[in-house]
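Each remark here refers to the structure printed beneath this line.
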Amino acid sequence: VEMTRAVLDIIIGNWKYDAVFRFVKTDFLLSEDGSITREHFDKLENYVLACGIEGGRWTSKRSWPAMPELSLDPDHADGAAEGTTEEAEAVERPRHAPEWVEQCRRIIADPIAELARAMKASSNVRGMCEAMYAFWMALGVPHKLERMSQDALFDGEVQLSREHRQIWGALLDILDQMVEMVGEEKMSIELFGGMLDTGFESIKMALVPPALDQVLIASMDRTRPGQIKHLYMLGVNDGVIPARPIEDGVLTEHERDTLQQIGMELAPGVRRKLLDERFLIYQSFATPSDSLWISYALADEEGKTLLPSEVVRHVRGMFPRVQERLVMAEPNEFMNEEEQSEFAVYPESALKHLIVQLRQWRQGRPMANIWWDVYRWFAAQPAWHDRLKVLMGSLLYRNQAETLTPTTSRHLYGTALRTSVSRMERFVACPFSHFASHGLKLKERRVYRLEAPDIGQLFHAALSRFAIDLQSSNRTWAALSADECRAEADRIVDMLAPKLQGEILLSSKRYEHISLKLKRIVGRAASVLGEHARRGQFEPIGLEMDFGPDKPLPPLRFTLSNGCTMEIIGRIDRVDKADSDRGVLLRVIDYKSSSTDLKLQEVYYGLSLQMLTYLDVLITYAELWLGSSALPAGTLYFHVHNPLLQAANGMSVEQAYEQMMKKYKMRGLVLADREVVSLMDEPLEKGYSDILPIAVKADGSFYSNASVATTEQWDMLRGTARHVIQDIGTRITDGDVRIDPYRLGTKKACDFCSYKPVCQFDELTEGNDYHVLPRMTKDEVWMKMEGGAAEDGQERET
Ligand code: SF4
């Protein structure tokens, strides 16, 4: 039934992903010889999601493409950290999907395409029914149902086995009835599907097995009068019985009356439905021959009060001597033993109540002796041993991951750890999340969708390409006009767009529009960067600078206290250089698609190590790279975005330009040296800089809110970052995999973590608490660093 519903949804909805895989997961397509298994289709599902296959692509003659590239950059640094770069380089990327994908596609698409063609060609319902019958036969439905029936019987599922056996006959009956009733009529596929669906609904009722003694659970309108001894009417609440009528038609009651008077036949209206409902209530109440039990709920699942139905009021009026009873859903401490024993009648539910009682008892609440008897009963029944053991285990459950043994840790990570800074930051955020991504190598399923990281990647790649192209054509950013920047941005985005997420930007008009917006963002960012260049002396000297073994710069190397070694590798977006009286100055610039700042407390805790590590690499290897030592001039984030300007009474072009520049102000940290600042923002004399996160007083000193650090403080920062990195490396190689997410203010490690289904972190579970990092002001962080980085300064939330 589900398979037929799904296949009709595929045809009606033009091959939507959901419908296709609902169809596939009914397992009617699996081959008997095991050559095509569920695993093949699961993999196909991943492929289809990653490539965004939908609609006519299922039936098109064109081959499907190969899996889209993950990154715009095949040399991505994190990939290198996982040891995948070499593999990626060694294998030339295929252009088409592998053969097994095409094979699975044909298995799915061919019969459905044939069914769709036959149905569309049918001139009436008879033809459509014949097409459906041919489709079922082509899929071997009767044979597969027979096998399912036998399997169910083998597993002791007699009822299920009977259902499987009966369903084929029922399906044919429905087709026969449709041919009989409307066989010669022409019908749309939608209507045909609707009729078939109605037929399927009725099959369910036909499967209730007739027996002398049975419990029949049904809605009021399905109860057959005259055959019932005891009737339990549940949920006799206000608004439920009788049901509140919903007026959803286009005609009012008055209009209906008028139409009926002139002889028009209409479906029942609200008034009629109300009368029917009352008749149904009467009929149901009058049905049982021996007893009638009426119950209503006092509250819903959220604890909101519910009122009894007016029916209850009538019954009370008619039978004033009827006794009412309050029935609790669960035993509680205010009940006596006898009342509680009523909950220990049926083993399945008694076991659930027992576990709840034991849990409450562990928390210090009283527990009636009857539950100890129940426990002993279960303990003495071999058939219940396993269930009891599992449920008892849940009482002592703590959601924690054990530290890996040294052997496991070495197997997983080796003794020479090669890692990126973002991986370190992930570890600090939550060791388990690091373990899931780098130890277990769990990856989220890829979906063909443009997401924030893809846009960030495009910005990165576009601005880097921009700078590289300028360098190779011997031009400078400062010399470009805004129009030239825009034209260049258009060219570069056009060049990169086909490489992003399997040509997603070219896949529809909507994405074409997004692509246009992205071009504007890159063009504007490029012209602002041109203005930055005009205002200062710093020149880009390194773009996409790799550091690591066999790269332009060596990795940062550490020997850890447990004997392992660690190499930090990565890629620096952009390095700028300027010459000053104090020598060579270097600054790092990182392009970000979201507003980011360098927060000292996050550096101290190890949550933000990237920029400082990059600067550390540059300063450490400056002699090797540039032939002279260098001083850190700053680490800055440039936000690539489309700022919205606001003004109450409009603004001039100059004012708009000024406001826009402020919106592009870089964030981060700069060397506390007036001369160095002048090399970055020459026109600045006093007050706030338009491009740097600083403010200067008339006497040349800095305001207290300026993001500046002295040479000593830069050394301290570098030292702290190194210390933290070493500590992280040791903890990783010691096998620390704790579920221990941080919380700093309102920021939490779990906010954007995709491993929640794996770690099952839940604050309501005992022992699952956030690792609270106390907030610190800038001065407190400097004091802590001065006092030595050894102090941890962290506390546990209670
Ligand atoms: S969801 Fe939270 S606790 Fe779970 S792995 Fe992610 S960060 Fe850690």
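Residue numbering restarts at 1 in every chain; chains get A, B, ... in the order shown in the structure tokens, and ligands count up from 1 in that same order.
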With only C-alpha atoms and all ligand atoms counted and 10 Å as the cut-off, give the residues of chain A in contact with ligand 1, each with its shortest interatomic distance in Å and the pair that gives it, as a Markdown table.
```
| residue | atom | partner | partner_atom_place_in_ligand_line | distance |
| --- | --- | --- | --- | --- |
| A:Gln400 | CA | ligand 1 | 3 (S) | 9.9 |
| A:Arg426 | CA | ligand 1 | 7 (S) | 8.5 |
| A:Phe427 | CA | ligand 1 | 8 (Fe) | 9.2 |
| A:Val428 | CA | ligand 1 | 7 (S) | 9.8 |
| A:Ala429 | CA | ligand 1 | 7 (S) | 6.6 |
| A:Cys430 | CA | ligand 1 | 8 (Fe) | 4.7 |
| A:Pro431 | CA | ligand 1 | 8 (Fe) | 6.9 |
| A:Phe432 | CA | ligand 1 | 5 (S) | 5.0 |
| A:Ser433 | CA | ligand 1 | 5 (S) | 3.8 |
| A:His434 | CA | ligand 1 | 5 (S) | 7.6 |
| A:Phe435 | CA | ligand 1 | 5 (S) | 8.4 |
| A:Ala436 | CA | ligand 1 | 5 (S) | 7.2 |
| A:Ser437 | CA | ligand 1 | 5 (S) | 9.2 |
| A:Val737 | CA | ligand 1 | 8 (Fe) | 9.6 |
| A:Arg738 | CA | ligand 1 | 8 (Fe) | 8.3 |
| A:Ile739 | CA | ligand 1 | 3 (S) | 5.1 |
| A:Asp740 | CA | ligand 1 | 3 (S) | 5.9 |
| A:Pro741 | CA | ligand 1 | 7 (S) | 4.9 |
| A:Tyr742 | CA | ligand 1 | 7 (S) | 7.7 |
| A:Arg743 | CA | ligand 1 | 7 (S) | 9.9 |
| A:Lys748 | CA | ligand 1 | 7 (S) | 7.8 |
| A:Ala749 | CA | ligand 1 | 7 (S) | 4.5 |
| A:Cys750 | CA | ligand 1 | 2 (Fe) | 3.6 |
| A:Asp751 | CA | ligand 1 | 2 (Fe) | 7.3 |
| A:Phe752 | CA | ligand 1 | 6 (Fe) | 7.8 |
| A:Cys753 | CA | ligand 1 | 6 (Fe) | 4.5 |
| A:Ser754 | CA | ligand 1 | 6 (Fe) | 6.3 |
| A:Tyr755 | CA | ligand 1 | 6 (Fe) | 4.9 |
| A:Lys756 | CA | ligand 1 | 1 (S) | 3.9 |
| A:Pro757 | CA | ligand 1 | 1 (S) | 7.6 |
| A:Val758 | CA | ligand 1 | 4 (Fe) | 7.1 |
| A:Cys759 | CA | ligand 1 | 4 (Fe) | 4.7 |
| A:Gln760 | CA | ligand 1 | 4 (Fe) | 6.4 |
| A:Phe761 | CA | ligand 1 | 3 (S) | 5.0 |
| A:Asp762 | CA | ligand 1 | 3 (S) | 8.1 |
| A:Glu763 | CA | ligand 1 | 3 (S) | 9.7 |
| A:Asn768 | CA | ligand 1 | 3 (S) | 8.4 |
| A:Asp769 | CA | ligand 1 | 3 (S) | 9.1 |
| A:Tyr770 | CA | ligand 1 | 3 (S) | 8.3 |
| A:His771 | CA | ligand 1 | 3 (S) | 10.0 |
```
Write a file of the selected residues as a short mmCIF file (atom, residue, chain, number, x, y, z; two decimals), in the first residue's frame, keeping N, CA, C and O atoms.
```
data_model
loop_
_atom_site.label_atom_id
_atom_site.label_comp_id
_atom_site.auth_asym_id
_atom_site.auth_seq_id
_atom_site.Cartn_x
_atom_site.Cartn_y
_atom_site.Cartn_z
N GLN A 400 28.29 9.46 29.62
CA GLN A 400 29.69 9.91 29.56
C GLN A 400 30.51 8.98 28.67
O GLN A 400 30.19 7.81 28.54
N ARG A 426 38.16 23.00 18.01
CA ARG A 426 37.02 22.09 18.18
C ARG A 426 37.19 21.25 19.44
O ARG A 426 36.25 21.01 20.18
N PHE A 427 38.42 20.80 19.67
CA PHE A 427 38.68 19.97 20.85
C PHE A 427 38.36 20.75 22.13
O PHE A 427 37.74 20.24 23.05
N VAL A 428 38.80 22.03 22.16
CA VAL A 428 38.55 22.82 23.37
C VAL A 428 37.05 23.02 23.55
O VAL A 428 36.54 22.97 24.67
N ALA A 429 36.33 23.22 22.44
CA ALA A 429 34.89 23.44 22.54
C ALA A 429 34.21 22.21 23.16
O ALA A 429 33.34 22.34 24.01
N CYS A 430 34.63 21.02 22.75
CA CYS A 430 34.07 19.78 23.31
C CYS A 430 34.92 18.61 22.83
O CYS A 430 34.94 18.33 21.62
N PRO A 431 35.63 17.92 23.74
CA PRO A 431 36.49 16.82 23.29
C PRO A 431 35.73 15.75 22.51
O PRO A 431 36.27 15.16 21.58
N PHE A 432 34.46 15.52 22.87
CA PHE A 432 33.74 14.46 22.17
C PHE A 432 33.46 14.84 20.72
O PHE A 432 33.50 14.00 19.82
N SER A 433 33.18 16.13 20.52
CA SER A 433 32.90 16.57 19.15
C SER A 433 34.17 16.38 18.29
O SER A 433 34.09 15.98 17.13
N HIS A 434 35.34 16.63 18.88
CA HIS A 434 36.60 16.40 18.16
C HIS A 434 36.76 14.91 17.85
O HIS A 434 37.12 14.52 16.75
N PHE A 435 36.44 14.08 18.85
CA PHE A 435 36.58 12.63 18.67
C PHE A 435 35.64 12.13 17.55
O PHE A 435 36.03 11.34 16.70
N ALA A 436 34.40 12.67 17.57
CA ALA A 436 33.44 12.24 16.54
C ALA A 436 33.92 12.65 15.16
O ALA A 436 33.81 11.87 14.21
N SER A 437 34.48 13.86 15.03
CA SER A 437 34.84 14.31 13.69
C SER A 437 36.20 13.79 13.25
O SER A 437 36.37 13.41 12.11
N VAL A 737 38.16 12.03 25.45
CA VAL A 737 37.00 12.10 24.53
C VAL A 737 35.74 12.47 25.32
O VAL A 737 34.63 12.10 24.96
N ARG A 738 35.92 13.19 26.40
CA ARG A 738 34.78 13.50 27.26
C ARG A 738 33.68 14.30 26.54
O ARG A 738 33.97 15.13 25.68
N ILE A 739 32.45 14.04 26.94
CA ILE A 739 31.35 14.89 26.48
C ILE A 739 31.35 16.08 27.42
O ILE A 739 30.84 16.02 28.54
N ASP A 740 31.98 17.13 27.00
CA ASP A 740 32.24 18.23 27.92
C ASP A 740 32.17 19.58 27.18
O ASP A 740 33.18 20.27 27.02
N PRO A 741 30.98 19.95 26.73
CA PRO A 741 30.87 21.18 25.93
C PRO A 741 31.03 22.42 26.79
O PRO A 741 30.58 22.44 27.94
N TYR A 742 31.64 23.45 26.23
CA TYR A 742 31.84 24.68 27.02
C TYR A 742 30.61 25.57 26.93
O TYR A 742 29.79 25.44 26.01
N ARG A 743 30.52 26.46 27.88
CA ARG A 743 29.57 27.57 27.77
C ARG A 743 30.27 28.81 28.25
O ARG A 743 30.88 28.82 29.32
N LYS A 748 27.50 28.56 23.34
CA LYS A 748 27.67 27.17 23.78
C LYS A 748 28.25 26.32 22.65
O LYS A 748 27.95 26.57 21.48
N ALA A 749 29.04 25.34 23.05
CA ALA A 749 29.65 24.47 22.03
C ALA A 749 28.59 23.73 21.23
O ALA A 749 28.77 23.44 20.05
N CYS A 750 27.47 23.42 21.87
CA CYS A 750 26.45 22.60 21.20
C CYS A 750 25.62 23.39 20.19
O CYS A 750 24.87 22.78 19.43
N ASP A 751 25.73 24.73 20.22
CA ASP A 751 24.84 25.55 19.40
C ASP A 751 24.79 25.11 17.93
O ASP A 751 23.73 25.02 17.34
N PHE A 752 25.95 24.88 17.35
CA PHE A 752 25.96 24.51 15.92
C PHE A 752 26.62 23.15 15.70
O PHE A 752 27.20 22.89 14.66
N CYS A 753 26.59 22.30 16.72
CA CYS A 753 27.28 21.01 16.59
C CYS A 753 26.33 19.99 15.97
O CYS A 753 25.17 19.87 16.36
N SER A 754 26.85 19.24 15.01
CA SER A 754 25.96 18.27 14.35
C SER A 754 26.07 16.88 14.98
O SER A 754 25.48 15.94 14.46
N TYR A 755 26.81 16.75 16.04
CA TYR A 755 26.99 15.41 16.63
C TYR A 755 26.03 15.10 17.78
O TYR A 755 26.20 14.11 18.48
N LYS A 756 25.05 15.97 17.97
CA LYS A 756 24.11 15.75 19.08
C LYS A 756 23.44 14.36 19.01
O LYS A 756 23.31 13.69 20.05
N PRO A 757 23.04 13.89 17.84
CA PRO A 757 22.43 12.55 17.82
C PRO A 757 23.41 11.46 18.27
O PRO A 757 23.00 10.38 18.68
N VAL A 758 24.71 11.74 18.21
CA VAL A 758 25.69 10.72 18.61
C VAL A 758 25.97 10.84 20.11
O VAL A 758 25.95 9.85 20.84
N CYS A 759 26.21 12.06 20.58
CA CYS A 759 26.63 12.20 21.99
C CYS A 759 25.44 12.15 22.94
O CYS A 759 25.58 11.80 24.09
N GLN A 760 24.26 12.50 22.45
CA GLN A 760 23.04 12.48 23.28
C GLN A 760 23.16 13.38 24.50
O GLN A 760 22.58 13.10 25.54
N PHE A 761 23.95 14.45 24.39
CA PHE A 761 24.09 15.37 25.52
C PHE A 761 22.72 15.97 25.85
O PHE A 761 22.01 16.45 24.97
N ASP A 762 22.38 15.90 27.13
CA ASP A 762 21.09 16.43 27.55
C ASP A 762 21.25 16.95 28.97
O ASP A 762 21.59 16.19 29.87
N GLU A 763 21.01 18.22 29.15
CA GLU A 763 21.23 18.80 30.48
C GLU A 763 20.36 18.15 31.55
O GLU A 763 20.65 18.25 32.73
N ASN A 768 25.38 15.48 32.86
CA ASN A 768 25.56 16.23 31.61
C ASN A 768 25.41 17.72 31.91
O ASN A 768 24.32 18.28 31.87
N ASP A 769 26.54 18.35 32.22
CA ASP A 769 26.51 19.79 32.51
C ASP A 769 27.44 20.49 31.54
O ASP A 769 28.41 19.90 31.05
N TYR A 770 27.16 21.75 31.32
CA TYR A 770 28.09 22.54 30.51
C TYR A 770 29.33 22.85 31.33
O TYR A 770 29.27 22.99 32.55
N HIS A 771 30.42 22.95 30.61
CA HIS A 771 31.70 23.30 31.22
C HIS A 771 31.75 24.84 31.17
O HIS A 771 32.02 25.42 30.12
#
```
**Prompt:** Excluding same-chain residues fewer than 6 positions from segment 326-328 of chain A, what lies within 10 Å of it counting only C-alpha atoms, as a ChimeraX atom specification?
**Reply:** /A:295-298,335,339-340,343
Could you take the residues named above and write them with N, CA and C atoms, as a PDB file, in the first residue's frame?
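Okay, part.pdb is ready:
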```
ATOM      1  N   SER A 295     -15.480   7.847  30.483  1.00  0.00           N
ATOM      2  CA  SER A 295     -14.387   8.540  31.175  1.00  0.00           C
ATOM      3  C   SER A 295     -13.981   9.791  30.409  1.00  0.00           C
ATOM      4  N   TYR A 296     -13.434  10.747  31.144  1.00  0.00           N
ATOM      5  CA  TYR A 296     -12.928  11.967  30.508  1.00  0.00           C
ATOM      6  C   TYR A 296     -11.633  12.380  31.198  1.00  0.00           C
ATOM      7  N   ALA A 297     -10.806  13.084  30.469  1.00  0.00           N
ATOM      8  CA  ALA A 297      -9.514  13.512  31.028  1.00  0.00           C
ATOM      9  C   ALA A 297      -9.689  14.841  31.749  1.00  0.00           C
ATOM     10  N   LEU A 298      -8.924  14.999  32.851  1.00  0.00           N
ATOM     11  CA  LEU A 298      -8.992  16.259  33.601  1.00  0.00           C
ATOM     12  C   LEU A 298      -7.978  17.277  33.082  1.00  0.00           C
ATOM     13  N   MET A 335      -1.315   7.012  47.301  1.00  0.00           N
ATOM     14  CA  MET A 335      -2.227   5.877  47.196  1.00  0.00           C
ATOM     15  C   MET A 335      -1.828   4.808  48.217  1.00  0.00           C
ATOM     16  N   GLU A 339      -4.433   0.247  46.254  1.00  0.00           N
ATOM     17  CA  GLU A 339      -4.655   1.050  45.043  1.00  0.00           C
ATOM     18  C   GLU A 339      -3.466   0.928  44.091  1.00  0.00           C
ATOM     19  N   GLN A 340      -2.282   0.930  44.691  1.00  0.00           N
ATOM     20  CA  GLN A 340      -1.088   0.829  43.833  1.00  0.00           C
ATOM     21  C   GLN A 340      -1.009  -0.540  43.165  1.00  0.00           C
ATOM     22  N   PHE A 343      -1.960  -1.279  39.582  1.00  0.00           N
ATOM     23  CA  PHE A 343      -1.065  -0.958  38.458  1.00  0.00           C
ATOM     24  C   PHE A 343      -0.115  -2.117  38.136  1.00  0.00           C
TER      25      PHE A 343
END
```
**DSSP helix (DSSP H, G or I) residues within segment 426-487 of chain A, as a PyMOL selection string** = chain A and resi 426-429+431-439+452-472+477-479+482-487
Determine, counting only C-alpha atoms, which protein, DNA and RNA residues have an atom within 10 Å of an atom of Asp197 of chain A; residues of the same chain fewer than 4 positions away are not included. Present the result as a CSV table (one decimal) with C-alpha atoms, in the first residue's frame.
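selection_3.csv, written as the output of this step:
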```
chain,number,residue,atom,x,y,z
A,1,VAL,CA,0.0,0.0,0.0
A,2,GLU,CA,2.8,2.4,1.0
A,4,THR,CA,1.7,2.2,-4.4
A,5,ARG,CA,1.0,5.5,-2.6
A,174,ILE,CA,-10.1,-2.4,-5.1
A,191,LEU,CA,-8.1,11.7,-8.6
A,192,PHE,CA,-7.2,8.1,-9.4
A,193,GLY,CA,-4.6,8.2,-6.6
A,201,GLU,CA,-8.2,3.0,4.0
A,202,SER,CA,-11.0,0.5,3.9
A,203,ILE,CA,-8.6,-2.5,3.8
```
**Message:** Restricting the calculation to only C-alpha atoms: of A:Leu417, A:Leu450, A:Leu609, A:Glu253, which residue gets closest to His438 of chain A?
**Reply:** A:Leu417
**Message:** List as a PyMOL selection string the protein and nucleic acid residues near segment 344-361 of chain A, meaning an atom at most 12 Å away when only C-alpha atoms are counted, but skip any in the same chain fewer than 5 places from it.
**Reply:** chain A and resi 329-333+337-339+366-379+381+383-385+387-397
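One distance worth recording is that between atom CA of Gly55 of chain A and atom CA of Gly140 of chain A, which is 25.8 Å.
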**Request:** Point out the residue among A:Cys485, A:Ile568, A:Ile732, A:Gln537 with the least atom-to-atom distance to Asp469 of chain A, counting only C-alpha atoms.
**Result:** A:Cys485
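Atom CA of Ala416 of chain A sits 5.8 Å away from atom CA of Cys564 of chain A.
All residues of protein, DNA or RNA that reach within 10 Å of Arg95 of chain A, judged by only C-alpha atoms and not counting those fewer than 3 positions away in the chain, are Ser63, Trp64, Pro65, Ala66, Met67, Pro68, Glu92 and Pro98 of chain A.
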**Message:** Give me the residues near Thr635 of chain A as a PyMOL selection string, where near means some atom within 12 Å (using only C-alpha atoms) and where sequence neighbours in that chain fewer than 5 positions away do not count.
**Reply:** chain A and resi 572-576+585-591+596-599+609-616+618+666-671+692-693+707-709+714+717
Export N, CA, C and O atoms of the chosen residues as a short mmCIF file (atom, residue, chain, number, x, y, z; two decimals), in the first residue's frame?
```
data_model
loop_
_atom_site.label_atom_id
_atom_site.label_comp_id
_atom_site.auth_asym_id
_atom_site.auth_seq_id
_atom_site.Cartn_x
_atom_site.Cartn_y
_atom_site.Cartn_z
N ILE A 572 47.26 30.42 5.51
CA ILE A 572 46.97 31.79 5.94
C ILE A 572 46.39 32.55 4.74
O ILE A 572 47.00 32.58 3.67
N ASP A 573 45.22 33.15 4.94
CA ASP A 573 44.53 33.85 3.84
C ASP A 573 45.40 34.92 3.21
O ASP A 573 45.62 34.92 2.01
N ARG A 574 45.87 35.83 4.04
CA ARG A 574 46.61 36.95 3.46
C ARG A 574 47.60 37.49 4.48
O ARG A 574 47.25 37.68 5.65
N VAL A 575 48.83 37.72 4.03
CA VAL A 575 49.86 38.31 4.89
C VAL A 575 50.28 39.63 4.27
O VAL A 575 50.61 39.69 3.08
N ASP A 576 50.24 40.69 5.06
CA ASP A 576 50.65 42.02 4.59
C ASP A 576 51.96 42.39 5.27
O ASP A 576 52.19 42.05 6.44
N LEU A 585 57.40 44.72 9.45
CA LEU A 585 56.15 44.48 10.19
C LEU A 585 55.27 43.54 9.37
O LEU A 585 55.15 43.70 8.15
N LEU A 586 54.66 42.59 10.07
CA LEU A 586 53.76 41.66 9.37
C LEU A 586 52.39 41.67 10.03
O LEU A 586 52.29 41.73 11.27
N ARG A 587 51.34 41.62 9.23
CA ARG A 587 49.99 41.48 9.80
C ARG A 587 49.24 40.40 9.01
O ARG A 587 49.52 40.18 7.82
N VAL A 588 48.30 39.76 9.71
CA VAL A 588 47.52 38.69 9.08
C VAL A 588 46.09 39.20 8.87
O VAL A 588 45.52 39.81 9.77
N ILE A 589 45.55 38.95 7.69
CA ILE A 589 44.15 39.34 7.44
C ILE A 589 43.35 38.10 7.05
O ILE A 589 43.81 37.28 6.26
N ASP A 590 42.19 37.97 7.68
CA ASP A 590 41.34 36.82 7.39
C ASP A 590 39.98 37.33 6.91
O ASP A 590 39.41 38.22 7.55
N TYR A 591 39.50 36.80 5.79
CA TYR A 591 38.19 37.23 5.29
C TYR A 591 37.12 36.36 5.94
O TYR A 591 37.22 35.14 5.94
N THR A 596 33.23 38.80 12.92
CA THR A 596 34.07 38.07 13.89
C THR A 596 35.04 39.05 14.53
O THR A 596 35.50 39.98 13.88
N ASP A 597 35.32 38.83 15.78
CA ASP A 597 36.31 39.67 16.47
C ASP A 597 37.26 38.75 17.23
O ASP A 597 36.92 37.61 17.54
N LEU A 598 38.44 39.27 17.53
CA LEU A 598 39.39 38.49 18.32
C LEU A 598 39.12 38.80 19.79
O LEU A 598 39.39 39.92 20.24
N LYS A 599 38.58 37.83 20.51
CA LYS A 599 38.28 38.08 21.93
C LYS A 599 39.37 37.43 22.76
O LYS A 599 39.62 36.22 22.65
N LEU A 609 42.27 30.33 18.43
CA LEU A 609 43.74 30.27 18.37
C LEU A 609 44.27 30.55 16.98
O LEU A 609 45.48 30.77 16.80
N GLN A 610 43.37 30.56 16.01
CA GLN A 610 43.82 30.55 14.62
C GLN A 610 44.72 31.74 14.26
O GLN A 610 45.86 31.54 13.82
N MET A 611 44.23 32.95 14.46
CA MET A 611 44.97 34.13 14.00
C MET A 611 46.31 34.25 14.70
O MET A 611 47.33 34.60 14.09
N LEU A 612 46.32 33.95 16.01
CA LEU A 612 47.59 34.10 16.74
C LEU A 612 48.58 33.03 16.31
O LEU A 612 49.79 33.29 16.24
N THR A 613 48.07 31.85 16.03
CA THR A 613 48.99 30.79 15.58
C THR A 613 49.58 31.16 14.22
O THR A 613 50.77 30.97 13.98
N TYR A 614 48.72 31.71 13.34
CA TYR A 614 49.22 32.12 12.02
C TYR A 614 50.31 33.17 12.18
O TYR A 614 51.38 33.10 11.54
N LEU A 615 50.05 34.14 13.04
CA LEU A 615 51.05 35.20 13.23
C LEU A 615 52.32 34.61 13.84
O LEU A 615 53.44 34.98 13.45
N ASP A 616 52.12 33.66 14.75
CA ASP A 616 53.28 33.01 15.38
C ASP A 616 54.14 32.32 14.33
O ASP A 616 55.37 32.43 14.34
N LEU A 618 54.41 33.07 11.18
CA LEU A 618 55.09 34.08 10.36
C LEU A 618 56.28 34.68 11.10
O LEU A 618 57.36 34.84 10.53
N MET A 666 37.69 46.82 10.13
CA MET A 666 38.23 45.49 10.47
C MET A 666 38.26 45.31 11.99
O MET A 666 38.36 46.29 12.73
N ARG A 667 38.14 44.09 12.46
CA ARG A 667 38.19 43.77 13.90
C ARG A 667 39.46 42.98 14.16
O ARG A 667 39.98 42.34 13.25
N GLY A 668 39.88 42.99 15.39
CA GLY A 668 41.07 42.20 15.73
C GLY A 668 41.95 42.95 16.68
O GLY A 668 41.46 43.67 17.58
N LEU A 669 43.25 42.81 16.51
CA LEU A 669 44.21 43.40 17.45
C LEU A 669 45.38 43.97 16.66
O LEU A 669 45.85 43.36 15.69
N VAL A 670 45.84 45.17 17.11
CA VAL A 670 46.89 45.87 16.37
C VAL A 670 48.03 46.20 17.35
O VAL A 670 47.79 46.35 18.55
N LEU A 671 49.23 46.32 16.82
CA LEU A 671 50.37 46.67 17.68
C LEU A 671 50.19 48.09 18.22
O LEU A 671 49.88 49.02 17.46
N LEU A 692 40.25 50.59 11.25
CA LEU A 692 40.88 49.73 12.28
C LEU A 692 40.10 49.80 13.60
O LEU A 692 39.45 50.82 13.86
N PRO A 693 40.21 48.78 14.44
CA PRO A 693 39.45 48.80 15.71
C PRO A 693 40.15 49.64 16.78
O PRO A 693 40.42 49.15 17.89
N SER A 707 41.69 48.34 20.44
CA SER A 707 42.17 46.94 20.43
C SER A 707 43.65 46.93 20.06
O SER A 707 44.00 46.70 18.89
N VAL A 708 44.47 47.21 21.03
CA VAL A 708 45.91 47.25 20.77
C VAL A 708 46.67 46.42 21.81
O VAL A 708 46.17 46.19 22.91
N ALA A 709 47.85 45.98 21.44
CA ALA A 709 48.69 45.22 22.38
C ALA A 709 50.14 45.65 22.16
O ALA A 709 50.56 45.88 21.01
N TRP A 714 52.09 41.03 22.84
CA TRP A 714 52.06 40.11 21.70
C TRP A 714 52.86 38.85 22.01
O TRP A 714 52.41 37.73 21.73
N LEU A 717 50.86 36.75 24.29
CA LEU A 717 49.76 36.07 23.58
C LEU A 717 50.27 34.86 22.81
O LEU A 717 49.67 33.78 22.85
#
```
Skipping near chain neighbours, those fewer than 5 positions away, what residues fall within 7 Å of segment 695-703 of chain A using only C-alpha atoms, listed as a short mmCIF file (atom, residue, chain, number, x, y, z; two decimals) with all heavy atoms, in the first residue's frame?
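Result went into out11.cif, see below:
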```
data_model
loop_
_atom_site.label_atom_id
_atom_site.label_comp_id
_atom_site.auth_asym_id
_atom_site.auth_seq_id
_atom_site.Cartn_x
_atom_site.Cartn_y
_atom_site.Cartn_z
N ARG A 674 52.05 54.09 17.54
CA ARG A 674 51.42 55.12 16.71
C ARG A 674 51.95 55.07 15.27
O ARG A 674 51.20 55.25 14.31
CB ARG A 674 51.70 56.50 17.35
CG ARG A 674 50.93 57.62 16.78
CD ARG A 674 49.43 57.44 17.05
NE ARG A 674 48.64 58.44 16.34
CZ ARG A 674 48.26 58.35 15.06
NH1 ARG A 674 48.58 57.30 14.34
NH2 ARG A 674 47.55 59.30 14.51
N LYS A 686 43.42 61.84 14.97
CA LYS A 686 42.88 61.53 16.31
C LYS A 686 41.44 61.02 16.15
O LYS A 686 40.83 61.17 15.10
CB LYS A 686 42.96 62.74 17.22
CG LYS A 686 42.15 63.93 16.77
CD LYS A 686 42.24 65.00 17.82
CE LYS A 686 41.44 66.17 17.35
NZ LYS A 686 40.71 67.00 17.88
N GLY A 687 40.94 60.43 17.27
CA GLY A 687 39.59 59.87 17.23
C GLY A 687 39.58 58.45 16.70
O GLY A 687 40.63 57.78 16.67
N TYR A 688 38.35 58.00 16.29
CA TYR A 688 38.20 56.62 15.85
C TYR A 688 38.66 56.43 14.41
O TYR A 688 38.39 57.28 13.56
CB TYR A 688 36.73 56.20 15.96
CG TYR A 688 36.32 55.91 17.38
CD1 TYR A 688 35.81 56.93 18.19
CD2 TYR A 688 36.48 54.65 17.92
CE1 TYR A 688 35.45 56.68 19.51
CE2 TYR A 688 36.12 54.39 19.23
CZ TYR A 688 35.62 55.40 20.03
OH TYR A 688 35.28 55.13 21.33
N SER A 689 39.35 55.33 14.17
CA SER A 689 39.75 55.00 12.80
C SER A 689 38.54 54.42 12.06
O SER A 689 37.70 53.74 12.66
CB SER A 689 40.88 53.97 12.84
OG SER A 689 41.01 53.36 11.57
#
```
